[in-house]
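These notes concern the structure reproduced below.
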Amino acid sequence: MKRFEFSLQKVLDFREFEKKQAEAELGKAVAEEKQIQDTLDMIAQAHVSTVHAADETHDISGMYAMQNYFRLLEQRKEEALMNLAQAQVITEEKRDAMREAMKNCKVLENLRDARKSAWKKENLKAEENEIDDIVTSKYRG
């Protein structure tokens with residue numbers, strides 16, 4: 001029996017390679033988004049700890065310094081939020097690319113499976129015909 005060969009196997013291999021690359025790119029984008037979110041969490045934590053320290057401080061110069069620090073934290077927070085918004089857009093683009101790559105692979109995989117199924121049916125029918133011929137020739141001869 002002849003071995004099954006999918007004529008578009010090289011195309012499928014290339015599409016699977018593209019899918020793996022899309023997965024890696026999506027992973028990088030998600031990691032970047034997580035890093036920015038961690039920065040935002042750190043800024044919020046610094047803000048809370050400074051508020052607690054401000055409650056205990058009665059020195060005017062210390063309060064002035066804390067107020068300046070709050071402004072700095074607010075600036076960093078705004079910058080991080082802008083970066084997060086950009087990272088989320090990029091992540092969504094990468095997610096869309098990943099979906100497209102998965103869809104392209106799935107189409108070819110379904111085609112391969114359908115052709116393999118048809119190939120199996122064809123070979124089974126050929127085997128049955130061959131067996132029928134052998135049995136028929138034994139009864140004739």
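Within each chain, counting starts at residue 1; across the structure tokens, chains are named A, B, ... in the order shown, with ligands numbered 1 upward in that order.
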Non-local contacts of Ala87 (chain A) (7 Å; only C-alpha atoms; under 6 positions in same chain excluded) as a PyMOL selection string: chain A and resi 29+32-33
Once you have the residues from the selection above, write them out as a CSV table (one decimal), in the first residue's frame, restricted to all heavy atoms.
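File produced: again19.csv:
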```csv
chain,number,residue,atom,x,y,z
A,29,ALA,N,4.4,40.2,24.4
A,29,ALA,CA,3.4,41.4,24.6
A,29,ALA,C,2.7,41.3,25.9
A,29,ALA,O,2.6,42.2,26.7
A,29,ALA,CB,2.4,41.4,23.5
A,32,GLU,N,5.2,42.1,28.7
A,32,GLU,CA,5.4,43.6,28.7
A,32,GLU,C,4.2,44.2,29.5
A,32,GLU,O,4.4,45.1,30.3
A,32,GLU,CB,5.5,44.2,27.3
A,32,GLU,CG,5.7,45.7,27.3
A,32,GLU,CD,7.1,46.1,27.8
A,32,GLU,OE1,8.0,45.3,27.8
A,32,GLU,OE2,7.1,47.3,28.3
A,33,GLU,N,3.0,43.8,29.2
A,33,GLU,CA,1.9,44.3,29.8
A,33,GLU,C,1.9,44.0,31.3
A,33,GLU,O,1.6,44.9,32.2
A,33,GLU,CB,0.6,43.7,29.2
A,33,GLU,CG,-0.7,44.4,29.5
A,33,GLU,CD,-1.9,43.8,28.8
A,33,GLU,OE1,-1.7,43.5,27.6
A,33,GLU,OE2,-2.9,43.8,29.4
```
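For Gln37 (chain A), the set of protein, DNA and RNA residues having any atom at most 12 Å away, when counting only C-alpha atoms and skipping those fewer than 4 positions along the same chain, is Val30, Ala31, Glu32, Glu33, Asp41, Met42, Ile43, Ala44, Lys77, Glu79, Ala80, Leu81, Met82, Asn83, Leu84, Ala85, Ala87 and Gln88 of chain A.
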Quick one: residues within 12 Å of Ala53 (chain A), only C-alpha atoms, excluding same-chain residues fewer than 3 positions away - as a compact mmCIF listing (two decimals) with N, CA and C atoms, in the first residue's frame?
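Okay, part25.txt is ready:
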```txt
# COMPACT_ATOMS: atom_id res chain seq x y z
N ALA A 46 3.94 52.37 46.94
CA ALA A 46 4.78 53.47 47.42
C ALA A 46 3.91 54.63 47.89
N HIS A 47 2.82 54.88 47.19
CA HIS A 47 1.89 55.95 47.58
C HIS A 47 1.28 55.67 48.95
N VAL A 48 0.85 54.45 49.15
CA VAL A 48 0.23 54.07 50.43
C VAL A 48 1.24 54.17 51.56
N SER A 49 2.44 53.67 51.34
CA SER A 49 3.44 53.73 52.42
C SER A 49 3.84 55.17 52.74
N THR A 50 3.85 56.04 51.74
CA THR A 50 4.18 57.45 51.96
C THR A 50 3.05 58.14 52.72
N GLU A 56 2.63 60.38 60.32
CA GLU A 56 3.52 60.45 61.48
C GLU A 56 4.46 61.65 61.45
N THR A 57 4.55 62.32 60.30
CA THR A 57 5.45 63.44 60.14
C THR A 57 4.74 64.75 60.49
N HIS A 58 5.43 65.55 61.31
CA HIS A 58 4.88 66.85 61.67
C HIS A 58 5.81 67.97 61.20
N ASP A 59 6.86 67.62 60.53
CA ASP A 59 7.85 68.56 60.02
C ASP A 59 7.37 69.11 58.68
N GLY A 62 9.47 68.02 55.68
CA GLY A 62 9.18 66.62 55.36
C GLY A 62 7.88 66.48 54.61
N MET A 63 6.88 67.27 55.02
CA MET A 63 5.59 67.24 54.34
C MET A 63 5.71 67.80 52.92
N ALA A 65 8.43 67.69 51.10
CA ALA A 65 9.13 66.65 50.33
C ALA A 65 8.18 65.53 49.93
N MET A 66 7.29 65.16 50.84
CA MET A 66 6.32 64.10 50.54
C MET A 66 5.33 64.55 49.47
N GLN A 67 4.96 65.83 49.52
CA GLN A 67 4.05 66.34 48.50
C GLN A 67 4.72 66.29 47.12
```
Hey, which of A:Ala24, A:Ala54, A:Cys105, A:Leu73 ends up closest to Leu12 (chain A)? Count only C-alpha atoms.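 Comparing A:Ala24, A:Ala54, A:Cys105, A:Leu73 against Leu12 (chain A), the winner is A:Cys105.
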Between A:His52, A:Lys19, A:Lys10, A:Lys2, which has the minimum distance to Lys103 (chain A) (counting only C-alpha atoms)?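 Smallest separation from Lys103 (chain A) among the options: A:Lys19.
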Rounded to one decimal, what separation in Å do you get between CA of Val107 (chain A) and CA of Ala126 (chain A)?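 So the answer is 28.6 Å.
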List as a ChimeraX atom specification the protein and nucleic acid residues near Phe4 (chain A), meaning an atom at most 9 Å away when only C-alpha atoms are counted, but skip any in the same chain fewer than 2 places from it. /A:2,6,116,119-120
Enter the distance from CA of Thr91 (chain A) to CA of Thr39 (chain A), in Å, rounded to one decimal.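 Atom-to-atom, CA of Thr91 (chain A) and CA of Thr39 (chain A) are spaced 17.5 Å apart.
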Between CA of Lys106 (chain A) and CA of Val89 (chain A), what is the distance in Å, rounded to a tenth?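 Atom-to-atom, CA of Lys106 (chain A) to CA of Val89 (chain A), that is 25.7 Å.
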